[in-house]
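Enquirer: Dropping a structure here in structure tokens format, bear with me for questions.
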Amino acid sequence: MNTKIMAACLSLTLFCSCGDFLDEKVYSFAEGNTLFANASNTEKALTGAYDALNANAIQSQAPHALFSRNIHLLTQLGCDEMIGRTDYIGIADIKPFCNYTYNSESRFLGDAWFALYAGIYRANGVIENAPKVADMTEARRKEVVLEARFLRGFYYTYLALFWGGVPLQKSVNDSELTPRSSLKDVYELIIDDLKSAYEGLPNRNTYDSRANKYTAAAMLAKVYLYLAACKENNVGADLNFALNSFDWVDSNALYAEAKTLCTDIYEHGGYILNPEYAYNFIADRPVLKAEQAKEAVMVATFGKEAPKYFVFAHLTGTVGNVTQDGGGAGWFPAMGELISLYDKTDVRYKQNIGGANTKNKVNIMGVEYYVPSGLYQSGVNTFLTKFRQSSPAARLAVGIPAASSVLNFPILRYADVILMYAEATYKTGDEAEARKLLEPIRLRAAGNNADVAQDLAKAYHKENFMDELKDERSRELCAEGWRRMDLIRWGRLQNVVQNLKTSNESGVKPNIFHYNTKHAQAVKDNFQSYKIWYPIPKRDREANPNLVQNPGWE
């Protein structure tokens with residue numbers, strides 16, 4: 001598919017949680033004199049570059065391709081947090097991502113490729129044209145370009161995480177027949193873009209959900225840790241595929257760089273761990289979106305004004321009737337491996353693990369939410385209840401369709417920064433300080449009770465710090481899109497998949513392995529080591545014969 005042609009027109013709606021919304025007039029890069037004729041239109045072009053993140057569709061293509069739904073299938077499934085009920089899921093295209101049976105023709109792979117390149121194309125247009133806009137101040141021109149560079153680096157990061165080396169499009173005029181670049185060349189562009197944004201953007205953006213200095217710092221630290229760990233753990237070496245090699249990486253240097261970035265965010269970023277863990281995952285009303293922003297380093301925002309909707313019912317969340325109690329479909333229950341990580345005194349357990357919605361409600365800052373039940377002994381209701389929607393009646397009252405969610409999705413949280421900081425600190429030789437950095441995470445998990453936090457620290461302690469960190473990242477960040485990539489970079493995905501339980505061998509009650517018993521064997525049977533990379537979509541290889549396929553998918 002020709003991404004350049006399809007991405008040329010921008011349906012421009014503002015990606016933010018506050019401020020005025022822009023119009024939805026369609027502009028085109030082909031009409032450069034119009035799109036970048038003045039400062040106002042240039043701001044709209046930047047909005048278009050953000051738009052790929054949360055668009056319900058891009059030029060009638062790639063419906064819900066990224067953070068409104070489908071990217072979560074690519075980042076979260078096939079490991080040890082959630083499992084797909086392939087006998088129950090109502091959309092056929094979703095099922096292959098539950099158990100590694102997707103291929104180069106699987107629709108959501110092509111949609112993600114398309115949407116990410118659409119975002120890159122739009123960002124390139126801003127990078128090239130914004131410096132020439134006459135009625136924009138020099139300071140704002142610089143910020144606009146740096147925001148676009150952040151977005152380009154962000155979109156390329158996901159392309160590289162999914163496929164490895166990909167075609168580098170640095171200009172709107174680059175050929176659609178560009179071959180894949182090496183992983184090294186792709187990450188050189190990513191690092192240059194993110195580093196420039198970190199060094200040049202202000203501490204806060206005018207709009208809460210747009211990129212700032214520390215958004216770029218957090219994403220760059222994420223990139224450094226990924227690369228350093230992949231090199232350290234020989235990720236992909238067995239595939240003997242030079243294009244996706246990590247041989248060029250200096251792990252020690254990148255761990256040190258990651259630590260420096262996390263230190264800056266930790267000491268100067270101004271973010272906090274929200275005292276209420278739950279407030280990060282129920283942000284579908286303004287009062288709670290404001291609470292979420294205290295910890296949110298980057299979110300994908302959704303709102304009726306755009307309108308942009310998060311397809312909550314198809315993903316993780318409380319189970320129920322989306323139009324009556326705000327619940328979802330229950331397609332992706334929690335796996336026993338995740339549930340078993342929690343001590344029952346951990347407030348994250350109560351938020352993240354539960355049954356179907358009851359008729360009981362809780363009022364949080366004036367917003368009503370239905371409360372899920374506890375787990376049945378049979379385990380048939382072991383759901384991931386992390387993300388929760390407000391009462392449909394309340395949302396209808398403010399003009400939000402009952403079946404649509406305006407829940408903000410957290411892409412990067414300050415808690416993740418702290419966990420990255422701990423990892424980088426450990427990898428640069430200070431285990432004691434790394435363990436100390438976990439303390440605020442544990443304190444919040446203990447309901448801010450110091451005695452309970454000490455008990456949790458003892459219960460969760462492991463002699464190997466990386467084993468403990470692996471579990472802590474899952475307890476804190478489950479269903480937020482990082483688990484699969486963490487396991488890949490640590491060289492642990494294959495081992496984790498091979499050791500998934502397929503029965504409740506110890507007779508645990510409640511039976512937290514109920515859905516493992518039904519579906520985990522297919523995950524184990526279909527996984528192969530080459531599946532750390534997704535196949536290059538068939539339609540894109542047909543459009544560009546210079547695209548070499550990833551190994552194992554030929």
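A note on labels: chains of the structure tokens are A, B, ... as shown, every chain counts residues from 1, and ligands are counted from 1 in their shown order.
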Where in range 34-262 of chain A does DSSP assign helix (DSSP H, G or I), given as a count of residues only?
Expert: 139
Enquirer: Residues within 12 Å of Arg141 in chain A, please, as an MDAnalysis selection string. Count only C-alpha atoms; anything in the same chain fewer than 3 positions from it doesn't count.
Expert: chainID A and resid 36 38:40 42:43 46 126:138 144:148 200:201
Enquirer: For the selection you just gave me, I'd like the residues written to a file as a PDB file, in the first residue's frame, keeping C-alpha atoms.
Expert:
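The result, written out as out_28.pdb:
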ATOM      1  CA  PHE A  36       1.704  25.604   5.717  1.00  0.00           C
ATOM      2  CA  ASN A  38       0.385  30.430   8.084  1.00  0.00           C
ATOM      3  CA  ALA A  39       0.931  29.618  11.733  1.00  0.00           C
ATOM      4  CA  SER A  40      -2.642  28.452  12.295  1.00  0.00           C
ATOM      5  CA  THR A  42       0.924  24.742  10.579  1.00  0.00           C
ATOM      6  CA  GLU A  43      -0.406  24.030  14.066  1.00  0.00           C
ATOM      7  CA  LEU A  46       1.237  19.219  13.757  1.00  0.00           C
ATOM      8  CA  VAL A 126       5.961  19.546   9.582  1.00  0.00           C
ATOM      9  CA  ILE A 127       9.732  19.146  10.007  1.00  0.00           C
ATOM     10  CA  GLU A 128      10.361  20.285   6.436  1.00  0.00           C
ATOM     11  CA  ASN A 129       7.834  23.107   6.177  1.00  0.00           C
ATOM     12  CA  ALA A 130       7.382  24.667   9.625  1.00  0.00           C
ATOM     13  CA  PRO A 131      10.750  26.520   9.527  1.00  0.00           C
ATOM     14  CA  LYS A 132       9.490  28.464   6.484  1.00  0.00           C
ATOM     15  CA  VAL A 133       6.246  29.743   8.043  1.00  0.00           C
ATOM     16  CA  ALA A 134       6.514  33.527   8.181  1.00  0.00           C
ATOM     17  CA  ASP A 135       3.942  34.483  10.817  1.00  0.00           C
ATOM     18  CA  MET A 136       5.167  32.077  13.490  1.00  0.00           C
ATOM     19  CA  THR A 137       7.708  33.125  16.096  1.00  0.00           C
ATOM     20  CA  GLU A 138      11.162  31.583  15.912  1.00  0.00           C
ATOM     21  CA  VAL A 144       6.767  22.641  16.426  1.00  0.00           C
ATOM     22  CA  VAL A 145       9.667  21.012  14.615  1.00  0.00           C
ATOM     23  CA  LEU A 146      10.920  19.340  17.798  1.00  0.00           C
ATOM     24  CA  GLU A 147       7.460  17.997  18.623  1.00  0.00           C
ATOM     25  CA  ALA A 148       7.281  16.561  15.110  1.00  0.00           C
ATOM     26  CA  GLY A 200      15.146  21.511  22.967  1.00  0.00           C
ATOM     27  CA  LEU A 201      11.541  21.161  24.190  1.00  0.00           C
TER      28      LEU A 201
END
Enquirer: Show me, as a tab-separated table, the residues of range 259-318 of chain A having an atom within 6 Å of range 208-218 of chain A, each with the closest atom pair and its distance in Å, using only C-alpha atoms.
Expert:
residue	atom	partner	partner_atom	distance
A:Leu261	CA	A:Ala217	CA	5.8
A:Val297	CA	A:Thr215	CA	5.5
A:Val299	CA	A:Ser209	CA	5.9
Enquirer: Considering only C-alpha atoms, give me a table of residues in range 287-372 of chain A that are at most 9 Å from range 83-107 of chain A, with the closest atom pair and distance in Å for each, as CSV.
Expert:
residue,atom,partner,partner_atom,distance
A:His314,CA,A:Ile89,CA,8.7
A:Ala329,CA,A:Ile89,CA,8.4
A:Gly330,CA,A:Arg85,CA,8.4
A:Trp331,CA,A:Arg85,CA,5.5
A:Phe332,CA,A:Gly84,CA,4.7
A:Pro333,CA,A:Ile83,CA,5.8
A:Ala334,CA,A:Ile83,CA,6.5
A:Met335,CA,A:Ile83,CA,6.2
Enquirer: When you look at Gln169 in chain A with a cut-off of 12 Å (counting only C-alpha atoms), what residues show up, excluding the ones that are within fewer than 6 positions of it in the same chain? I need them as a compact mmCIF listing (two decimals) with C-alpha atoms, in the first residue's frame.
Expert:
# COMPACT_ATOMS: atom_id res chain seq x y z
CA THR A 3 1.42 5.08 2.56
CA LYS A 4 2.48 8.42 1.11
CA LEU A 116 2.88 4.35 11.88
CA TYR A 117 4.15 5.44 8.47
CA ALA A 118 1.22 7.82 8.11
CA GLY A 119 2.34 9.46 11.34
CA ILE A 120 5.93 9.61 10.08
CA TYR A 121 4.88 11.13 6.77
CA ARG A 122 2.88 13.82 8.55
CA ALA A 123 5.72 14.53 10.96
CA ASN A 124 8.14 14.86 8.03
CA GLY A 125 5.86 17.42 6.45
CA ARG A 152 8.79 10.66 14.15
CA GLY A 153 11.14 9.05 16.67
CA TYR A 155 6.56 6.08 15.49
CA TYR A 156 9.86 4.65 14.28
CA SER A 175 10.51 6.99 -2.65
CA GLU A 176 7.85 4.46 -1.66
CA LEU A 177 10.24 1.80 -2.99
CA THR A 178 12.88 2.45 -0.32
CA PRO A 179 14.38 -0.83 0.96
CA ARG A 180 14.68 -1.70 4.63
CA SER A 181 17.49 0.00 6.53
CA ASP A 185 20.46 3.04 11.01
CA VAL A 186 16.85 3.14 12.19
CA LEU A 189 17.48 8.32 13.52
CA ILE A 190 15.28 7.50 16.51
Enquirer: Using only C-alpha atoms, pick whichever of A:Val166, A:Ala296, A:Met466, A:Ile512 has the shortest atom-to-atom distance to Asn381 in chain A.
Expert: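 That would be A:Ile512, the residue with the smallest distance to Asn381 in chain A.
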Enquirer: For Val235 in chain A, work out the shell of residues within 7 Å, counting only C-alpha atoms and skipping chain neighbours fewer than 4 positions away, then give it as JSON, numbers by chain.
Expert: {"A": [230, 231, 489, 491]}
Enquirer: Given the choices A:Val311, A:Leu443, A:Val371, A:Val417, which gets closest to Tyr271 in chain A if the distance is worked out from only C-alpha atoms?
Expert: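 Residue with the minimum atom-to-atom distance to Tyr271 in chain A: A:Val417.
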Enquirer: Counting only C-alpha atoms, which of A:Asn233, A:Asn360, A:Thr323, A:Asn464 gets nearest to Ala403 in chain A?
Expert: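 With only C-alpha atoms as the atom set, the closest residue is A:Thr323.
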